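Have a look at entry.txt; it's compact mmCIF, C-alpha atoms:
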# COMPACT_ATOMS: atom_id res chain seq x y z
CA MET A 1171 89.11 64.14 108.72
CA LYS A 1172 91.73 66.65 109.83
CA VAL A 1173 90.40 70.07 110.79
CA LEU A 1174 92.60 73.09 111.53
CA LEU A 1175 91.62 76.38 113.13
CA ILE A 1176 93.72 79.26 111.85
CA ILE A 1177 93.85 81.99 114.48
CA PRO A 1178 95.49 85.26 113.43
CA ALA A 1179 96.62 87.29 116.44
CA TYR A 1180 97.98 90.81 116.57
CA ASN A 1181 98.43 92.32 120.04
CA GLU A 1182 95.98 89.87 121.60
CA GLU A 1183 97.65 89.31 125.00
CA GLU A 1184 94.30 89.77 126.78
CA ASN A 1185 92.27 87.34 124.71
CA ILE A 1186 94.45 84.73 123.10
CA GLU A 1187 94.77 82.42 126.10
CA LYS A 1188 91.00 82.42 126.70
CA THR A 1189 90.30 81.69 123.04
CA VAL A 1190 92.73 78.77 122.97
CA LYS A 1191 91.37 77.37 126.26
CA LYS A 1192 87.89 77.30 124.76
CA ILE A 1193 89.18 75.44 121.73
CA GLU A 1194 91.06 72.91 123.84
CA ASN A 1195 87.98 72.29 125.96
CA TYR A 1196 85.79 71.86 122.92
CA ASN A 1197 84.85 68.20 122.74
CA LYS A 1198 85.48 67.69 119.05
CA ASP A 1199 88.82 66.78 117.57
CA VAL A 1200 90.17 69.98 116.02
CA ASP A 1201 93.74 71.26 115.77
CA TYR A 1202 94.60 74.92 115.90
CA ILE A 1203 97.51 77.14 114.97
CA VAL A 1204 97.93 80.70 116.22
CA ILE A 1205 99.66 83.02 113.76
CA ASN A 1206 101.35 85.72 115.80
CA ASP A 1207 101.55 88.62 113.37
CA GLY A 1208 104.57 90.38 114.83
CA SER A 1209 102.69 91.54 117.94
CA LYS A 1210 104.30 94.36 119.89
CA ASP A 1211 102.83 93.37 123.26
CA ASN A 1212 103.38 90.20 125.30
CA THR A 1213 101.45 87.89 122.98
CA TYR A 1214 104.57 85.92 122.02
CA LYS A 1215 105.52 85.40 125.68
CA ILE A 1216 102.06 84.03 126.51
CA LEU A 1217 102.18 81.75 123.46
CA ASP A 1218 105.57 80.38 124.53
CA GLU A 1219 104.84 79.99 128.23
CA LYS A 1220 101.45 78.36 127.87
CA ASN A 1221 102.70 75.98 125.18
CA ILE A 1222 100.21 77.22 122.62
CA LYS A 1223 100.92 75.94 119.11
CA HIS A 1224 101.92 78.95 117.07
CA ILE A 1225 103.91 80.45 114.24
CA ASP A 1226 105.70 83.72 114.93
CA LEU A 1227 105.83 85.86 111.83
CA VAL A 1228 109.27 87.48 111.76
CA HIS A 1229 107.66 90.71 110.58
CA ASN A 1230 104.16 92.17 110.77
CA LEU A 1231 102.19 91.37 107.59
CA GLY A 1232 98.63 92.39 108.40
CA ILE A 1233 95.69 90.04 108.73
CA GLY A 1234 95.76 88.82 105.12
CA GLY A 1235 99.40 87.78 105.17
CA ALA A 1236 98.95 86.15 108.57
CA VAL A 1237 95.93 84.12 107.52
CA GLN A 1238 97.64 83.00 104.32
CA THR A 1239 100.50 81.66 106.43
CA GLY A 1240 97.87 79.54 108.18
CA TYR A 1241 96.58 78.22 104.85
CA LYS A 1242 100.13 77.36 103.80
CA TYR A 1243 100.62 75.49 107.06
CA ALA A 1244 97.30 73.68 106.55
CA TYR A 1245 98.32 72.74 103.01
CA GLU A 1246 101.76 71.45 103.99
CA ASN A 1247 100.33 69.43 106.87
CA ASN A 1248 97.56 67.86 104.79
CA TYR A 1249 94.52 69.24 106.52
CA ASP A 1250 91.16 68.56 104.87
CA ILE A 1251 89.38 71.57 106.30
CA ALA A 1252 90.70 74.91 107.50
CA ILE A 1253 88.65 77.35 109.55
CA GLN A 1254 89.55 80.97 110.04
CA PHE A 1255 88.87 81.91 113.63
CA ASP A 1256 89.53 85.25 115.34
CA GLY A 1257 91.79 85.40 118.36
CA ASP A 1258 89.78 88.11 120.09
CA GLY A 1259 86.81 86.05 121.28
CA GLN A 1260 84.42 87.34 118.60
CA HIS A 1261 83.72 83.92 117.13
CA ASP A 1262 81.86 81.14 118.90
CA ILE A 1263 83.59 77.75 118.98
CA ASN A 1264 80.20 75.99 119.27
CA CYS A 1265 79.32 77.10 115.74
CA ILE A 1266 82.13 75.05 114.21
CA ASP A 1267 79.90 72.05 113.46
CA LYS A 1268 77.43 74.32 111.76
CA ILE A 1269 80.07 75.91 109.56
CA ILE A 1270 81.76 72.64 108.57
CA ASP A 1271 78.52 70.82 107.79
CA PRO A 1272 77.94 72.28 104.27
CA LEU A 1273 81.53 71.38 103.30
CA VAL A 1274 81.01 67.76 104.28
CA ASN A 1275 77.41 67.18 103.25
CA GLU A 1276 76.73 69.63 100.43
CA LYS A 1277 80.07 69.73 98.60
CA VAL A 1278 80.41 73.44 99.21
CA ASP A 1279 83.97 74.80 98.83
CA MET A 1280 83.77 77.66 101.29
CA CYS A 1281 81.29 78.35 104.05
CA ILE A 1282 81.07 81.82 105.63
CA GLY A 1283 79.60 82.39 109.07
CA THR A 1284 77.28 85.38 108.91
CA ARG A 1285 75.61 87.61 111.47
CA TYR A 1286 73.02 89.00 109.11
CA LEU A 1287 71.31 86.05 107.43
CA ASP A 1288 69.20 85.09 110.41
CA LYS A 1289 69.16 87.94 112.91
CA SER A 1290 68.12 85.75 115.82
CA SER A 1291 71.27 83.63 115.45
CA SER A 1292 73.54 86.31 116.83
CA LYS A 1293 72.87 88.63 119.73
CA PHE A 1294 75.65 90.92 118.61
CA GLN A 1295 74.78 92.63 115.34
CA SER A 1296 77.66 95.16 115.16
CA THR A 1297 77.39 98.88 114.56
CA PHE A 1298 75.24 100.71 112.05
CA ILE A 1299 78.23 102.00 110.06
CA ARG A 1300 79.69 98.52 109.73
CA ARG A 1301 76.40 97.08 108.55
CA LEU A 1302 76.01 99.87 106.05
CA GLY A 1303 79.51 99.12 104.77
CA SER A 1304 78.75 95.40 104.58
CA ASN A 1305 75.58 96.10 102.62
CA ILE A 1306 77.35 98.27 100.08
CA ILE A 1307 80.08 95.66 99.58
CA SER A 1308 77.32 93.04 99.29
CA ILE A 1309 75.64 94.97 96.51
CA PHE A 1310 78.87 95.23 94.55
CA ILE A 1311 79.64 91.53 94.97
CA LYS A 1312 76.13 90.71 93.76
CA LEU A 1313 76.63 93.03 90.79
CA PHE A 1314 79.88 91.44 89.69
CA THR A 1315 79.39 87.79 90.61
CA ARG A 1316 75.58 87.43 90.73
CA THR A 1317 75.81 85.86 94.17
CA LYS A 1318 74.43 87.29 97.36
CA ILE A 1319 76.84 87.36 100.29
CA THR A 1320 75.24 89.00 103.31
CA ASP A 1321 78.36 89.32 105.48
CA PRO A 1322 81.34 89.77 103.14
CA THR A 1323 83.68 91.05 105.84
CA SER A 1324 83.07 88.13 108.20
CA GLY A 1325 86.37 86.53 109.22
CA PHE A 1326 84.68 83.31 110.35
CA ARG A 1327 84.90 80.91 107.42
CA ALA A 1328 85.64 77.27 106.65
CA VAL A 1329 87.23 76.00 103.44
CA ASN A 1330 87.89 72.56 101.96
CA ARG A 1331 91.13 71.07 100.65
CA ASN A 1332 90.76 72.57 97.16
CA VAL A 1333 90.44 76.07 98.53
CA ILE A 1334 93.25 75.52 101.03
CA GLU A 1335 95.50 74.75 98.08
CA GLU A 1336 94.20 77.75 96.15
CA PHE A 1337 94.70 80.11 99.10
CA ALA A 1338 98.14 78.74 99.93
CA LYS A 1339 99.24 79.71 96.44
CA ASN A 1340 97.41 82.97 95.95
CA TYR A 1341 95.48 84.83 98.57
CA PRO A 1342 94.54 88.51 98.29
CA THR A 1343 96.42 89.92 101.26
CA GLU A 1344 95.22 93.52 101.08
CA TYR A 1345 91.45 93.25 101.66
CA PRO A 1346 91.32 89.55 102.37
CA GLU A 1347 87.71 88.82 103.34
CA PRO A 1348 85.74 90.42 100.49
CA GLU A 1349 88.47 89.85 97.91
CA SER A 1350 88.97 86.16 98.62
CA THR A 1351 85.20 85.63 98.45
CA VAL A 1352 85.01 87.36 95.06
CA SER A 1353 88.02 85.48 93.68
CA LEU A 1354 86.45 82.13 94.64
CA LEU A 1355 83.06 83.06 93.20
CA VAL A 1356 84.60 84.19 89.92
CA LYS A 1357 86.59 80.96 89.71
CA LYS A 1358 83.30 79.04 90.09
CA TYR A 1359 83.89 77.59 93.52
CA LYS A 1360 80.75 77.02 95.58
CA VAL A 1361 80.33 79.45 98.44
CA LYS A 1362 77.60 79.29 101.05
CA GLU A 1363 76.68 81.26 104.15
CA VAL A 1364 75.35 79.92 107.43
CA PRO A 1365 74.03 82.02 110.32
CA VAL A 1366 76.33 81.98 113.35
CA ASN A 1367 76.61 83.62 116.71
CA MET A 1368 79.19 86.36 117.19
CA ASN A 1369 80.19 88.10 120.39
CA GLU A 1370 81.33 91.60 120.94
CA ARG A 1371 85.11 91.93 121.02
CA GLU A 1372 86.38 91.27 124.53
CA GLY A 1373 89.36 93.59 124.33
CA GLY A 1374 91.80 95.19 121.96
CA ASP A 1375 90.84 97.29 118.98
CA SER A 1376 89.09 96.22 115.82
CA SER A 1377 91.12 96.69 112.67
CA LEU A 1378 88.48 99.18 111.52
CA THR A 1379 88.21 101.65 114.36
CA LEU A 1380 85.82 104.52 114.13
CA ASN A 1381 87.18 107.57 112.51
CA PHE A 1382 85.82 109.19 109.42
CA TRP A 1383 88.40 108.66 106.74
CA LYS A 1384 89.44 105.07 107.41
CA PRO A 1385 86.09 103.39 106.63
CA VAL A 1386 85.60 105.56 103.53
CA ASP A 1387 89.08 104.74 102.31
CA TYR A 1388 88.45 101.05 103.01
CA MET A 1389 85.15 101.07 101.11
CA ILE A 1390 86.61 102.73 98.02
CA LYS A 1391 89.52 100.32 97.87
CA VAL A 1392 87.40 97.23 98.50
CA ILE A 1393 84.99 98.20 95.72
CA LEU A 1394 87.94 98.78 93.41
CA ALA A 1395 89.38 95.42 94.44
CA ILE A 1396 86.07 93.66 93.69
CA ILE A 1397 85.97 95.16 90.21
CA VAL A 1398 89.61 94.37 89.44
CA ASP A 1399 89.37 90.81 90.80
CA SER A 1400 86.18 89.98 88.96
CA ILE A 1401 87.72 91.12 85.69
CA SER A 1402 91.24 89.74 86.05
CA PHE A 1403 90.28 86.32 87.44
CA ARG A 1404 87.57 85.83 84.84
CA ARG A 1405 90.13 86.43 82.11
CA LYS A 1406 92.49 83.83 83.55
CA GLY A 1407 89.68 81.27 83.53
CA GLY A 1408 88.05 79.36 86.35
CA LYS A 1409 88.58 76.16 88.25
CA LYS A 1410 90.18 73.31 86.35
CA MET B 803 120.28 131.24 76.47
CA GLN B 804 122.75 133.47 78.23
CA ILE B 805 126.29 132.14 78.46
CA LYS B 806 126.38 132.68 82.24
CA LEU B 807 123.23 130.59 82.76
CA LYS B 808 124.62 127.89 80.50
CA ILE B 809 127.80 127.60 82.56
CA VAL B 810 125.81 127.35 85.78
CA LEU B 811 123.58 124.64 84.28
CA ILE B 812 126.56 122.65 82.98
CA ILE B 813 128.11 122.72 86.44
CA ILE B 814 124.85 121.47 87.97
CA VAL B 815 124.64 118.62 85.47
CA LEU B 816 128.27 117.69 86.17
CA ILE B 817 127.51 117.52 89.90
CA TYR B 818 124.49 115.37 89.06
CA ILE B 819 126.68 112.95 87.10
CA LEU B 820 129.12 112.91 90.00
CA PHE B 821 126.25 111.82 92.28
CA ILE B 822 125.41 108.98 89.91
CA LEU B 823 129.01 107.77 89.80
CA LYS B 824 129.27 107.92 93.58
CA ALA B 825 126.10 105.87 94.02
CA VAL B 826 127.40 103.25 91.61
CA LYS B 827 130.78 103.13 93.28
CA ARG B 828 129.17 102.51 96.68
CA LYS B 829 126.94 99.88 95.09
CA ASN B 830 123.82 101.78 96.11
CA MET B 831 122.52 101.57 92.57
CA ARG B 832 122.06 98.52 90.43
CA ILE B 833 123.46 98.71 86.90
CA GLY B 834 119.98 98.38 85.39
CA TYR B 835 118.94 101.71 86.88
CA LEU B 836 122.27 103.31 86.06
CA ALA B 837 121.33 103.21 82.36
CA PHE B 838 118.33 105.47 82.88
CA TRP B 839 120.16 108.04 84.97
CA SER B 840 123.28 108.22 82.82
CA ILE B 841 121.20 108.61 79.64
CA THR B 842 119.27 111.54 81.15
CA GLY B 843 122.60 113.06 82.23
CA GLY B 844 124.00 112.60 78.73
CA ILE B 845 120.98 114.18 77.08
CA LEU B 846 121.19 117.19 79.40
CA ILE B 847 124.86 117.75 78.57
CA ILE B 848 124.26 117.47 74.81
CA ALA B 849 121.30 119.85 75.01
CA LEU B 850 123.44 122.41 76.81
CA LEU B 851 126.54 122.12 74.61
CA ILE B 852 124.94 122.32 71.16
CA PRO B 853 123.95 125.95 70.59
CA ASN B 854 120.28 126.67 69.82
CA LEU B 855 119.34 122.97 69.93
CA VAL B 856 116.63 123.38 72.58
CA GLU B 857 115.27 126.52 70.90
CA ASN B 858 115.09 124.85 67.49
CA ILE B 859 113.35 121.72 68.73
CA SER B 860 110.79 123.69 70.69
CA ASN B 861 110.08 125.88 67.64
CA LEU B 862 109.71 122.76 65.53
CA LEU B 863 107.21 121.17 67.95
CA GLY B 864 105.27 124.42 68.34
CA PHE B 865 105.98 125.20 71.99
CA GLY B 866 105.76 128.92 72.67
CA ILE B 867 108.94 129.18 74.68
CA PRO B 868 111.68 126.54 75.14
CA ILE B 869 111.19 126.33 78.90
CA ASN B 870 107.63 125.05 78.37
CA MET B 871 108.96 122.14 76.36
CA ILE B 872 111.57 121.36 78.99
CA PHE B 873 108.99 121.38 81.78
CA SER B 874 106.57 119.20 79.81
CA ILE B 875 109.20 116.62 79.00
CA ALA B 876 110.47 116.63 82.57
CA ILE B 877 106.97 116.10 83.99
CA PHE B 878 106.27 113.18 81.66
CA ILE B 879 109.57 111.53 82.49
CA ILE B 880 108.95 111.96 86.21
CA LEU B 881 105.41 110.52 85.93
CA TYR B 882 106.77 107.54 84.04
CA LEU B 883 109.44 107.05 86.66
CA ILE B 884 107.05 107.21 89.62
CA PHE B 885 104.64 104.83 87.91
CA ASN B 886 107.43 102.33 87.42
CA LEU B 887 108.53 102.73 91.03
CA THR B 888 104.97 101.99 92.24
CA ILE B 889 104.96 98.76 90.26
CA LEU B 890 108.40 97.90 91.57
CA ILE B 891 107.34 98.53 95.18
CA SER B 892 104.20 96.40 94.76
CA LYS B 893 106.24 93.52 93.42
CA GLU B 894 108.75 93.84 96.23
CA GLN B 895 105.95 93.93 98.82
CA ASN B 896 104.52 90.69 97.47
CA LYS B 897 107.93 89.04 97.55
CA ASN B 898 108.47 90.34 101.05
CA ILE B 899 105.21 88.80 102.28
CA LEU B 900 106.14 85.48 100.69
CA LEU B 901 109.57 85.51 102.33
CA VAL B 902 108.23 86.37 105.79
CA GLN B 903 105.66 83.57 105.54
CA GLU B 904 108.09 80.91 104.38
CA ILE B 905 110.78 81.88 106.90
CA SER B 906 108.26 81.88 109.75
CA ILE B 907 106.91 78.44 108.83
CA LEU B 908 110.47 77.10 108.52
CA LYS B 909 111.41 78.56 111.90
CA LYS B 910 108.49 76.78 113.51
CA ARG B 911 109.52 73.47 111.92
CA ILE B 912 113.12 73.90 113.04
CA ASN B 913 111.98 74.63 116.58
CA GLU B 914 109.81 71.51 116.60
CA LEU B 915 112.63 69.34 115.27
CA GLU B 916 115.07 70.73 117.83
CA LYS B 917 112.65 69.99 120.65
CA LYS B 918 112.22 66.44 119.39
CA GLU B 919 115.96 65.96 119.26
CA GLU B 920 116.41 67.28 122.78
CA LYS B 921 113.84 64.80 124.01
CA SER B 922 115.50 61.84 122.30
CA ASP B 923 118.90 62.98 123.61
CA GLY B 924 117.48 63.08 127.12
CA LYS B 925 116.62 59.41 126.98
As structure tokens, please, write out the structure in this file.
Amino acid sequence: MKVLLIIPAYNEEENIEKTVKKIENYNKDVDYIVINDGSKDNTYKILDEKNIKHIDLVHNLGIGGAVQTGYKYAYENNYDIAIQFDGDGQHDINCIDKIIDPLVNEKVDMCIGTRYLDKSSSKFQSTFIRRLGSNIISIFIKLFTRTKITDPTSGFRAVNRNVIEEFAKNYPTEYPEPESTVSLLVKKYKVKEVPVNMNEREGGDSSLTLNFWKPVDYMIKVILAIIVDSISFRRKGGKK
Amino acid sequence: MQIKLKIVLIIIVLIYILFILKAVKRKNMRIGYLAFWSITGGILIIALLIPNLVENISNLLGFGIPINMIFSIAIFIILYLIFNLTILISKEQNKNILLVQEISILKKRINELEKKEEKSDGK
């Protein structure tokens, strides 16, 4: 079974080498691909010099566009499972078995690694504001898809071949994590969550830094996106 | 409308049409969009040249003064235009993302193939 880690990286010169080292030292057979999303720092130099497998996007696309590139690569190279994995050291490589397991043994289509399902699983529980945001998004997802997702903004997720194909063709690039989850749920794919460990970011800035307007703006648009997706995808009909 | 004001307005519209022609000549505007702009230019000229046309229409539709009708129509046309531009931009953004992704994946494959070739040449 071919497994690919998709690692989006934007200005990750401090972390990317460490992250890749950990993956290479991991004793299981997994491939990885770093998607360099038009970084402005020395990320591309490090990727070239250290012979890290990567795709350089010719122009910055944002996390959604970068991750979709990874899914396209996974699709073209016939991978059975693709795992989204952050380049900033937030995700724990040792949780990979845990996150793949439901795909292999329970016929789940997508498995999301969550911080909130079992609080003892992860020492790092993120800030109050973020959790509040996650909870609100959760409520809306539950309202529109009748499924409870505790950590809808988690970027640590594994998908099977069917979903790789789906994402390679259409992936919501604006608010990728919550939107892709909703689109799969509406199309009747099976989505499951497993508790995983997450670390605090080791450097660089999170895409949602703390200022007042940005999170509010994000919340409004995500909620809008959930509503639009759940209506428009339902109309088009579900999985064949 | 006063004859002086009319002359000034006609000159402005003529300059506006000149702008359109210039843009087309430099190929800054695609023919599809030219239709919209030349039709608005044409309507403006006709409205200015036929005496009492604007006044009569605005009386007919029940606008108090002609300028109100002109402003209303202009605002609706501008809203329509901006709405269409938003859709156009969204479509172009999606295409742009697709292009960047495909080009980047192709570039990686070309690099890999070139490296392979270099190796086999070395032997």
Give me the chain A side of the contact with chain B, cut-off 6 Å, one line per residue showing its nearest atom pair and distance in Å at one decimal, counting only C-alpha atoms, sorted by chain and residue number, as a tab-separated table.
residue	atom	partner	partner_atom	distance
A:Ile1225	CA	B:Lys910	CA	5.9
A:Leu1227	CA	B:Ser906	CA	5.1
A:Thr1239	CA	B:Gln903	CA	5.6
Taking 5 positions as the minimum chain separation for residues in the same chain, which residues sit within 6 Å of segment 1321-1329 of chain A when counting only C-alpha atoms? Answer as a short mmCIF file (atom, residue, chain, number, x, y, z; two decimals) with C-alpha atoms, keeping the file's coordinate frame.
data_model
loop_
_atom_site.label_atom_id
_atom_site.label_comp_id
_atom_site.auth_asym_id
_atom_site.auth_seq_id
_atom_site.Cartn_x
_atom_site.Cartn_y
_atom_site.Cartn_z
CA ILE A 1251 89.38 71.57 106.30
CA ALA A 1252 90.70 74.91 107.50
CA ILE A 1253 88.65 77.35 109.55
CA GLN A 1254 89.55 80.97 110.04
CA PHE A 1255 88.87 81.91 113.63
CA ASP A 1279 83.97 74.80 98.83
CA MET A 1280 83.77 77.66 101.29
CA CYS A 1281 81.29 78.35 104.05
CA ILE A 1282 81.07 81.82 105.63
CA GLY A 1283 79.60 82.39 109.07
CA THR A 1284 77.28 85.38 108.91
CA GLU A 1347 87.71 88.82 103.34
CA PRO A 1348 85.74 90.42 100.49
#
Interatomic distance, atom CA of Glu1349 of chain A to atom CA of Pro1365 of chain A (Å, one decimal):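 It comes out at 20.6 Å.
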Between A:Tyr1241, A:Tyr1202, A:Phe1314, A:Tyr1249, which is the closest to Val1398 of chain A once you count only C-alpha atoms? A:Phe1314
Residues within 8 Å of (100.5, 90.3, 124.0), file coords, only C-alpha atoms, listed as a list of chain:residue names: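 So the residues meeting the distance criterion are A:Tyr1180, A:Asn1181, A:Glu1182, A:Glu1183, A:Glu1184, A:Ser1209, A:Lys1210, A:Asp1211, A:Asn1212, A:Thr1213, A:Tyr1214, A:Lys1215, A:Ile1216.
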Neighbour list for segment 876-888 of chain B as a PyMOL selection string, cut-off 12 Å, all atoms listed in the file, skip fewer than 4 positions in-chain: chain B and resi 835+838-839+842+846+869-872+892-895
Give me the residues near Lys1223 of chain A as number ranges by chain, where near means some atom within 10 Å (using all atoms listed in the file) and where sequence neighbours in that chain fewer than 3 positions away do not count. A: 1190, 1201-1205, 1217-1218, 1220; B: 910
Just-selected residues, C-alpha atoms written as a compact mmCIF listing (two decimals), keeping the file's coordinate frame:
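File written: part24.txt
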# COMPACT_ATOMS: atom_id res chain seq x y z
CA VAL A 1190 92.73 78.77 122.97
CA ASP A 1201 93.74 71.26 115.77
CA TYR A 1202 94.60 74.92 115.90
CA ILE A 1203 97.51 77.14 114.97
CA VAL A 1204 97.93 80.70 116.22
CA ILE A 1205 99.66 83.02 113.76
CA LEU A 1217 102.18 81.75 123.46
CA ASP A 1218 105.57 80.38 124.53
CA LYS A 1220 101.45 78.36 127.87
CA LYS B 910 108.49 76.78 113.51
Can you measure atom CA of Asp1387 of chain A to atom CA of Pro1346 of chain A for me? One decimal in Å is fine.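 Result for atom CA of Asp1387 of chain A versus atom CA of Pro1346 of chain A: 15.4 Å, one decimal.
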List every protein, DNA or RNA residue with an atom no more than 12 Å from (127.8, 123.0, 84.0) in the file's coordinates, counting all atoms listed in the file, and format the result as a list in words.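 With a cut-off of 12 Å, the residues come to Ile805, Lys806, Leu807, Lys808, Ile809, Val810, Leu811, Ile812, Ile813, Ile814, Val815, Leu816, Ile817, Tyr818, Ile819, Leu820, Gly843, Leu846, Ile847, Ile848, Ala849, Leu850 and Leu851 of chain B.
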Kindly reconstruct segment 848-856 of chain B with all heavy atoms and present the result as an mmCIF file, in the frame of the given file.
data_model
loop_
_atom_site.group_PDB
_atom_site.id
_atom_site.type_symbol
_atom_site.label_atom_id
_atom_site.label_comp_id
_atom_site.auth_asym_id
_atom_site.auth_seq_id
_atom_site.Cartn_x
_atom_site.Cartn_y
_atom_site.Cartn_z
ATOM 1 N N ILE B 848 124.327 117.197 76.256
ATOM 2 C CA ILE B 848 124.260 117.470 74.810
ATOM 3 C C ILE B 848 123.383 118.691 74.541
ATOM 4 O O ILE B 848 123.745 119.589 73.771
ATOM 5 C CB ILE B 848 123.708 116.238 74.060
ATOM 6 C CG1 ILE B 848 124.743 115.103 74.088
ATOM 7 C CG2 ILE B 848 123.386 116.586 72.596
ATOM 8 C CD1 ILE B 848 124.205 113.762 73.635
ATOM 9 N N ALA B 849 122.226 118.734 75.233
ATOM 10 C CA ALA B 849 121.300 119.850 75.010
ATOM 11 C C ALA B 849 121.937 121.189 75.375
ATOM 12 O O ALA B 849 121.670 122.214 74.758
ATOM 13 C CB ALA B 849 120.029 119.628 75.819
ATOM 14 N N LEU B 850 122.812 121.160 76.382
ATOM 15 C CA LEU B 850 123.440 122.410 76.810
ATOM 16 C C LEU B 850 124.602 122.813 75.904
ATOM 17 O O LEU B 850 124.854 123.998 75.686
ATOM 18 C CB LEU B 850 123.928 122.277 78.262
ATOM 19 C CG LEU B 850 122.827 122.289 79.325
ATOM 20 C CD1 LEU B 850 123.391 121.902 80.684
ATOM 21 C CD2 LEU B 850 122.185 123.664 79.389
ATOM 22 N N LEU B 851 125.326 121.819 75.374
ATOM 23 C CA LEU B 851 126.540 122.120 74.610
ATOM 24 C C LEU B 851 126.248 122.544 73.179
ATOM 25 O O LEU B 851 126.954 123.376 72.621
ATOM 26 C CB LEU B 851 127.493 120.913 74.631
ATOM 27 C CG LEU B 851 128.195 120.671 75.974
ATOM 28 C CD1 LEU B 851 129.158 119.509 75.889
ATOM 29 C CD2 LEU B 851 128.927 121.943 76.438
ATOM 30 N N ILE B 852 125.226 121.944 72.542
ATOM 31 C CA ILE B 852 124.940 122.320 71.160
ATOM 32 C C ILE B 852 124.127 123.611 71.153
ATOM 33 O O ILE B 852 123.033 123.660 71.728
ATOM 34 C CB ILE B 852 124.165 121.199 70.430
ATOM 35 C CG1 ILE B 852 125.030 119.942 70.375
ATOM 36 C CG2 ILE B 852 123.772 121.643 69.011
ATOM 37 C CD1 ILE B 852 124.361 118.747 69.770
ATOM 38 N N PRO B 853 124.643 124.668 70.543
ATOM 39 C CA PRO B 853 123.950 125.950 70.590
ATOM 40 C C PRO B 853 122.608 125.901 69.859
ATOM 41 O O PRO B 853 122.493 125.295 68.795
ATOM 42 C CB PRO B 853 124.923 126.919 69.898
ATOM 43 C CG PRO B 853 125.881 126.051 69.154
ATOM 44 C CD PRO B 853 125.924 124.732 69.834
ATOM 45 N N ASN B 854 121.612 126.544 70.430
ATOM 46 C CA ASN B 854 120.280 126.670 69.820
ATOM 47 C C ASN B 854 119.523 125.363 69.602
ATOM 48 O O ASN B 854 118.486 125.365 68.955
ATOM 49 C CB ASN B 854 120.339 127.418 68.491
ATOM 50 C CG ASN B 854 120.706 128.880 68.721
ATOM 51 O OD1 ASN B 854 120.335 129.448 69.759
ATOM 52 N ND2 ASN B 854 121.448 129.460 67.793
ATOM 53 N N LEU B 855 120.033 124.253 70.135
ATOM 54 C CA LEU B 855 119.340 122.970 69.930
ATOM 55 C C LEU B 855 117.951 122.985 70.566
ATOM 56 O O LEU B 855 116.945 122.684 69.918
ATOM 57 C CB LEU B 855 120.177 121.818 70.508
ATOM 58 C CG LEU B 855 119.575 120.442 70.326
ATOM 59 C CD1 LEU B 855 119.643 120.010 68.863
ATOM 60 C CD2 LEU B 855 120.244 119.387 71.198
ATOM 61 N N VAL B 856 117.909 123.380 71.848
ATOM 62 C CA VAL B 856 116.630 123.380 72.580
ATOM 63 C C VAL B 856 115.643 124.338 71.905
ATOM 64 O O VAL B 856 114.483 123.995 71.674
ATOM 65 C CB VAL B 856 116.854 123.800 74.050
ATOM 66 C CG1 VAL B 856 115.523 123.851 74.783
ATOM 67 C CG2 VAL B 856 117.787 122.812 74.729
#
